[in-house]
>>> print(open('structure_34.tsv').read())   # TSV, C-alpha atoms
chain	number	residue	atom	x	y	z
S	1	MET	CA	2.17	4.46	32.86
S	2	VAL	CA	3.47	4.82	29.30
S	3	SER	CA	1.24	4.46	26.26
S	4	TYR	CA	2.42	2.35	23.33
S	5	LEU	CA	1.06	2.00	19.81
S	6	LEU	CA	2.32	-1.11	18.06
S	7	VAL	CA	1.37	-1.31	14.38
S	8	ALA	CA	1.40	-4.79	12.83
S	9	SER	CA	1.23	-4.73	9.03
S	10	ARG	CA	1.92	-8.42	8.52
S	11	ASP	CA	0.47	-11.57	9.99
S	12	THR	CA	2.42	-14.13	11.98
S	13	HIS	CA	2.57	-16.56	9.05
S	14	GLU	CA	4.13	-13.93	6.80
S	15	ALA	CA	7.00	-12.95	9.05
S	16	GLY	CA	8.45	-14.51	12.18
S	17	GLU	CA	9.26	-11.19	13.80
S	18	VAL	CA	5.55	-10.44	14.14
S	19	GLN	CA	5.39	-13.00	16.95
S	20	ASP	CA	8.28	-11.22	18.68
S	21	PHE	CA	6.33	-8.00	18.26
S	22	PHE	CA	3.27	-9.48	19.92
S	23	ARG	CA	5.47	-10.94	22.65
S	24	LEU	CA	6.74	-7.40	23.30
S	25	ALA	CA	3.17	-6.08	23.41
S	26	LYS	CA	2.18	-8.72	25.95
S	27	ARG	CA	5.19	-8.05	28.18
S	28	LEU	CA	4.57	-4.31	28.13
S	29	ALA	CA	0.97	-4.88	29.15
S	30	GLU	CA	2.05	-7.25	31.90
S	31	ALA	CA	4.37	-4.48	33.10
S	32	GLN	CA	1.26	-2.31	33.50
S	33	GLU	CA	1.89	-0.12	30.46
S	34	GLN	CA	-1.00	0.93	28.24
S	35	VAL	CA	-0.66	-0.97	24.96
S	36	THR	CA	-2.66	-0.75	21.73
S	37	VAL	CA	-1.95	-3.06	18.80
S	38	LEU	CA	-3.21	-1.66	15.50
S	39	LEU	CA	-3.52	-4.24	12.72
S	40	VAL	CA	-3.18	-2.86	9.20
S	41	GLN	CA	-2.73	-4.42	5.75
S	42	ASN	CA	-2.25	-8.20	6.04
S	43	GLY	CA	-2.04	-7.89	9.81
S	44	VAL	CA	-5.85	-7.73	9.85
S	45	LEU	CA	-6.03	-11.36	8.64
S	46	LEU	CA	-5.28	-12.36	12.23
S	47	ALA	CA	-8.47	-10.61	13.32
S	48	ARG	CA	-10.74	-13.12	11.57
S	49	ALA	CA	-12.80	-15.20	13.95
S	50	GLY	CA	-11.61	-18.48	12.43
S	51	ALA	CA	-7.92	-17.61	12.10
S	52	ALA	CA	-5.75	-20.30	13.66
S	53	ASP	CA	-3.42	-18.12	15.65
S	54	PRO	CA	-3.19	-17.90	19.44
S	55	TRP	CA	-1.67	-14.46	19.69
S	56	LEU	CA	-4.61	-12.07	19.65
S	57	GLY	CA	-6.39	-13.98	22.41
S	58	ASP	CA	-3.22	-13.87	24.52
S	59	LEU	CA	-2.88	-10.15	23.93
S	60	ALA	CA	-6.48	-9.44	24.90
S	61	ARG	CA	-6.14	-11.50	28.08
S	62	ALA	CA	-3.01	-9.54	28.97
S	63	GLY	CA	-4.95	-6.29	28.68
S	64	VAL	CA	-3.76	-5.16	25.25
S	65	THR	CA	-6.31	-3.24	23.18
S	66	VAL	CA	-6.36	-4.76	19.70
S	67	VAL	CA	-7.90	-2.82	16.83
S	68	ALA	CA	-7.97	-3.36	13.05
S	69	ASP	CA	-7.94	-0.85	10.20
S	70	GLU	CA	-11.38	-0.79	8.58
S	71	LEU	CA	-10.08	-0.20	5.06
S	72	SER	CA	-7.59	-3.09	5.32
S	73	LEU	CA	-10.46	-5.32	6.46
S	74	ARG	CA	-12.65	-4.25	3.52
S	75	GLU	CA	-9.79	-4.75	1.05
S	76	ARG	CA	-9.42	-8.33	2.26
S	77	GLY	CA	-13.12	-9.13	2.38
S	78	VAL	CA	-13.37	-9.46	6.15
S	79	PRO	CA	-16.78	-8.17	7.27
S	80	ARG	CA	-17.42	-6.92	10.79
S	81	GLU	CA	-19.46	-10.00	11.65
S	82	ARG	CA	-16.47	-12.25	10.95
S	83	LEU	CA	-14.11	-10.47	13.31
S	84	ARG	CA	-12.91	-11.89	16.60
S	85	SER	CA	-14.95	-10.47	19.45
S	86	ASP	CA	-11.82	-9.03	21.10
S	87	VAL	CA	-10.84	-6.95	18.04
S	88	SER	CA	-12.55	-3.68	17.12
S	89	PRO	CA	-12.56	-2.18	13.61
S	90	VAL	CA	-11.29	1.41	13.59
S	91	SER	CA	-10.26	4.15	11.22
S	92	LEU	CA	-6.62	5.20	10.99
S	93	ASP	CA	-7.55	8.17	13.15
S	94	VAL	CA	-6.60	5.96	16.07
S	95	ALA	CA	-2.96	6.09	14.92
S	96	ILE	CA	-3.00	9.88	14.66
S	97	ASP	CA	-4.69	10.08	18.07
S	98	HIS	CA	-1.88	8.03	19.59
S	99	LEU	CA	0.90	9.90	17.83
S	100	THR	CA	-0.42	13.30	18.83
S	101	ALA	CA	-0.95	12.10	22.40
S	102	GLY	CA	2.70	11.11	22.61
S	103	SER	CA	2.40	7.33	22.56
S	104	LYS	CA	5.59	5.51	21.77
S	105	ALA	CA	5.01	4.02	18.32
S	106	LEU	CA	6.55	0.99	16.67
S	107	TRP	CA	5.80	-0.72	13.35
S	108	VAL	CA	6.48	-4.21	12.12
R	1	MET	CA	-7.42	22.01	18.66
R	2	SER	CA	-3.73	21.91	19.35
R	3	HIS	CA	-1.65	21.44	16.22
R	4	LYS	CA	1.13	18.95	16.60
R	5	ILE	CA	4.21	18.26	14.52
R	6	LEU	CA	4.54	14.65	13.42
R	7	THR	CA	7.45	13.06	11.60
R	8	PHE	CA	7.12	10.01	9.39
R	9	VAL	CA	10.15	8.08	8.13
R	10	LEU	CA	9.51	6.10	4.97
R	11	ASN	CA	11.65	3.47	3.29
R	12	ASP	CA	9.61	1.62	0.67
R	13	PRO	CA	9.71	2.40	-3.06
R	14	PRO	CA	6.48	3.15	-4.93
R	15	TYR	CA	4.20	0.34	-6.05
R	16	GLU	CA	6.08	-2.43	-4.21
R	17	SER	CA	4.36	-2.53	-0.83
R	18	ALA	CA	1.10	-1.62	0.80
R	19	ARG	CA	3.20	0.15	3.43
R	20	SER	CA	3.58	3.08	1.03
R	21	THR	CA	-0.19	3.40	0.71
R	22	THR	CA	-0.76	3.17	4.45
R	23	ALA	CA	1.96	5.74	5.05
R	24	LEU	CA	0.36	8.20	2.63
R	25	ARG	CA	-3.04	7.56	4.23
R	26	LEU	CA	-1.58	8.46	7.63
R	27	ILE	CA	0.16	11.57	6.33
R	28	ASP	CA	-3.00	12.68	4.52
R	29	LEU	CA	-5.05	12.13	7.66
R	30	ALA	CA	-2.59	14.08	9.83
R	31	VAL	CA	-2.78	17.00	7.38
R	32	LYS	CA	-6.58	16.91	7.26
R	33	ARG	CA	-6.65	16.99	11.04
R	34	GLY	CA	-4.57	20.16	11.00
R	35	HIS	CA	-1.19	18.85	12.06
R	36	HIS	CA	2.16	19.81	10.57
R	37	VAL	CA	4.02	16.90	9.03
R	38	ASN	CA	7.66	16.16	8.31
R	39	VAL	CA	8.50	13.29	6.01
R	40	PHE	CA	11.97	11.86	5.70
R	41	ALA	CA	12.20	9.49	2.73
R	42	TYR	CA	15.05	7.01	2.77
R	43	GLU	CA	16.13	4.39	0.25
R	44	GLY	CA	13.43	3.48	-2.26
R	45	ALA	CA	11.00	5.95	-0.73
R	46	THR	CA	13.00	8.72	-2.40
R	47	ALA	CA	11.20	7.69	-5.59
R	48	LEU	CA	7.72	8.22	-4.17
R	49	ALA	CA	7.72	11.87	-5.26
R	50	PHE	CA	9.82	11.35	-8.42
R	51	ALA	CA	8.52	13.86	-10.93
R	52	LYS	CA	9.02	11.62	-13.96
R	53	GLN	CA	6.59	8.91	-12.91
R	54	ALA	CA	4.19	8.37	-15.80
R	55	PRO	CA	0.88	6.53	-15.97
R	56	HIS	CA	0.55	3.99	-18.77
R	57	ALA	CA	-2.01	2.39	-21.01
R	58	ASN	CA	-3.19	-1.21	-20.68
R	59	ALA	CA	-2.94	-2.90	-24.06
R	60	VAL	CA	-4.21	-6.24	-22.74
R	61	HIS	CA	-7.49	-4.67	-21.69
R	62	GLY	CA	-7.58	-2.20	-24.57
R	63	ARG	CA	-7.42	0.91	-22.43
R	64	ASP	CA	-5.39	3.99	-23.27
R	65	ALA	CA	-3.59	5.87	-20.54
R	66	ALA	CA	-6.56	8.13	-19.87
R	67	ALA	CA	-8.97	5.24	-19.57
R	68	GLU	CA	-6.58	3.16	-17.46
R	69	ASP	CA	-6.27	6.12	-15.07
R	70	HIS	CA	-3.20	4.61	-13.41
R	71	PRO	CA	-2.52	6.40	-10.14
R	72	THR	CA	0.98	7.62	-9.37
R	73	THR	CA	2.46	8.22	-5.96
R	74	ARG	CA	3.79	11.57	-7.12
R	75	ASP	CA	0.23	12.72	-7.81
R	76	TRP	CA	-0.94	11.48	-4.42
R	77	ILE	CA	1.86	13.38	-2.71
R	78	ALA	CA	1.15	16.49	-4.77
R	79	ALA	CA	-2.48	16.27	-3.62
R	80	ILE	CA	-1.37	16.03	0.02
R	81	LEU	CA	0.88	19.06	-0.39
R	82	ALA	CA	-1.98	21.01	-1.98
R	83	GLU	CA	-4.33	20.02	0.84
R	84	ALA	CA	-1.75	21.14	3.40
R	85	GLU	CA	-1.42	24.52	1.72
R	86	ARG	CA	-5.18	24.90	1.60
R	87	ARG	CA	-5.41	24.16	5.32
R	88	GLY	CA	-2.47	26.33	6.31
R	89	VAL	CA	-0.33	23.49	7.64
R	90	THR	CA	3.14	22.53	6.51
R	91	VAL	CA	4.42	19.33	4.99
R	92	ASP	CA	8.21	19.29	4.84
R	93	TRP	CA	9.05	16.34	2.57
R	94	VAL	CA	12.77	15.58	2.49
R	95	ASN	CA	14.43	12.93	0.34
R	96	CYS	CA	17.75	11.55	1.58
R	97	GLY	CA	20.28	12.95	-0.89
R	98	LEU	CA	22.60	9.94	-1.08
R	99	CYS	CA	19.63	7.62	-1.61
R	100	VAL	CA	18.40	9.97	-4.37
R	101	ASP	CA	21.80	9.86	-6.08
R	102	GLU	CA	22.04	6.08	-5.94
R	103	ARG	CA	18.69	5.75	-7.62
R	104	GLY	CA	18.94	8.68	-10.04
R	105	VAL	CA	15.66	10.18	-8.85
R	106	SER	CA	16.84	13.72	-8.33
R	107	GLU	CA	13.84	15.29	-10.04
R	108	SER	CA	11.25	15.40	-7.32
R	109	ILE	CA	7.93	17.24	-7.46
R	110	ALA	CA	7.60	20.83	-6.33
R	111	GLY	CA	7.20	21.18	-2.59
R	112	THR	CA	9.68	18.41	-1.75
R	113	ARG	CA	13.39	18.88	-1.20
R	114	ARG	CA	16.70	17.10	-1.00
R	115	GLY	CA	18.29	16.65	2.41
R	116	SER	CA	20.36	14.41	4.61
R	117	PRO	CA	20.08	12.42	7.84
R	118	ALA	CA	20.86	15.68	9.63
R	119	ASP	CA	17.39	16.81	8.58
R	120	LEU	CA	15.91	13.67	10.12
R	121	ALA	CA	17.70	14.40	13.38
R	122	LYS	CA	16.25	17.93	13.38
R	123	PHE	CA	12.81	16.59	12.56
R	124	VAL	CA	12.89	14.13	15.44
R	125	GLN	CA	14.09	16.77	17.87
R	126	SER	CA	11.43	19.28	16.86
R	127	SER	CA	8.48	16.89	16.52
R	128	HIS	CA	5.91	15.81	19.05
R	129	ASN	CA	6.25	12.26	17.76
R	130	THR	CA	7.95	10.17	15.09
R	131	LEU	CA	6.77	7.02	13.35
R	132	VAL	CA	9.31	4.95	11.43
R	133	ILE	CA	7.74	2.66	8.83
R	134	PRO	CA	10.45	0.11	8.13
R	135	THR	CA	10.85	-1.96	5.03
R	136	ARG	CA	11.27	-5.75	5.29
>>> encode(input="structure_34.tsv", output="structure tokens")
Amino acid sequence: MVSYLLVASRDTHEAGEVQDFFRLAKRLAEAQEQVTVLLVQNGVLLARAGAADPWLGDLARAGVTVVADELSLRERGVPRERLRSDVSPVSLDVAIDHLTAGSKALWV
Amino acid sequence: MSHKILTFVLNDPPYESARSTTALRLIDLAVKRGHHVNVFAYEGATALAFAKQAPHANAVHGRDAAAEDHPTTRDWIAAILAEAERRGVTVDWVNCGLCVDERGVSESIAGTRRGSPADLAKFVQSSHNTLVIPTR
């Protein structure tokens, strides 16, 4: 099993390739790889409970761990209580943890 | 704790994208956690450590340069380099030479250096991991 860290810095309305990125994350998870999607910058807007976007739910159901950068959330006024239940707020330490553990890392 | 070597490849110029800020946050965090860091700056990122960046006043709000306290990426990078030295870890910051020439940003702060894609190849080969932060 290979570990992947996929960093999404934009939301799906900002750039079409973000959907392709999430599609990749889902397929990797379906292939039994260990996948973490880290949302940073505007990518965290997808983590809001009311955001009209199907992707994060699909990722969670496929077994992808979805986390969101706490500072990016604060910058954009998204409090913890307004996050989707399948997204956890984290510090950027999670990225360093993955990099030092040898996860394959991609950024969009 | 085992100290790793991480390489970050940056492409964005200063002040234009939040990617630059996130990249510097990651590099700073890696240093504070005791890891050695290589940075290869391509394209506009070669200006991140440009020594001639200057903060400015804000005439609209009536603030002089000191009061405006405008941050510069060169100061942030200098702070990261100082933190690395204090902690006994290395940050090898390399600016792509051709990208530097195109942009006329050859004066980079102390502790950074000019290089080429050959340096990036060496970084990747000698690192535990590499993160490329692409521009749009």
>>> closest_atom_pairs(input="structure_34.tsv", of="chain S", to="chain R", cutoff="7 Å", atoms="all atoms listed in the file", output="Markdown table")
| residue | atom | partner | partner_atom | distance |
| --- | --- | --- | --- | --- |
| S:Gln41 | CA | R:Ala18 | CA | 6.9 |
| S:Leu92 | CA | R:Leu26 | CA | 6.9 |
| S:Ile96 | CA | R:Ala30 | CA | 6.4 |
| S:Leu99 | CA | R:Asn129 | CA | 5.8 |
| S:Thr100 | CA | R:Lys4 | CA | 6.3 |
| S:Gly102 | CA | R:Asn129 | CA | 6.1 |
| S:Ala105 | CA | R:Leu131 | CA | 6.1 |
| S:Leu106 | CA | R:Leu131 | CA | 6.9 |
| S:Trp107 | CA | R:Ile133 | CA | 6.0 |
>>> residues_around(input="structure_34.tsv", residues="Asp12 (chain R)", least_positions_apart="6", cutoff="7 Å", atoms="all atoms listed in the file", output="JSON, numbers by chain")
{"R": [20, 44, 45, 135]}
>>> atom_distance(input="structure_34.tsv", atom1="CA of Leu24 (chain S)", atom2="CA of Val40 (chain S)")
17.8 Å
>>> residues_near_point(input="structure_34.tsv", point="(3.9, 2.2, 27.6)", cutoff="12 Å", atoms="only C-alpha atoms", output="list in words")
Met1, Val2, Ser3, Tyr4, Leu5, Leu6, Leu24, Ala25, Lys26, Arg27, Leu28, Ala29, Glu30, Ala31, Gln32, Glu33, Gln34, Val35, Thr36, Val37, Val64, His98, Gly102, Ser103, Lys104, Ala105 and Leu106 of chain S
>>> atom_distance(input="structure_34.tsv", atom1="CA of Pro79 (chain S)", atom2="CA of Ala47 (chain S)")
10.6 Å
>>> residues_around(input="structure_34.tsv", residues="Arg48 (chain S)", least_positions_apart="3", cutoff="12 Å", atoms="all atoms listed in the file", output="list in words")
Asp11, Leu39, Asn42, Gly43, Val44, Leu45, Ala51, Ala52, Asp53, Pro54, Leu56, Gly57, Val67, Ala68, Leu73, Arg76, Gly77, Val78, Pro79, Arg80, Glu81, Arg82, Leu83, Arg84, Ser85, Asp86, Val87, Ser88 and Pro89 of chain S
>>> axis_aligned_box(input="structure_34.tsv", around="region 79-97 of chain S", padding_each_side="6 Å", output="JSON")
{"center_x": -11.2, "center_y": -1.1, "center_z": 14.2, "size_x": 28.5, "size_y": 34.3, "size_z": 25.8}
>>> atom_distance(input="structure_34.tsv", atom1="CA of Arg10 (chain S)", atom2="CA of Tyr42 (chain R)")
21.1 Å
>>> closest_residue(input="structure_34.tsv", among="R:Asp69, R:Asp28, R:Asp75, R:Glu107", to="Thr90 (chain R)", atoms="only C-alpha atoms")
R:Asp28
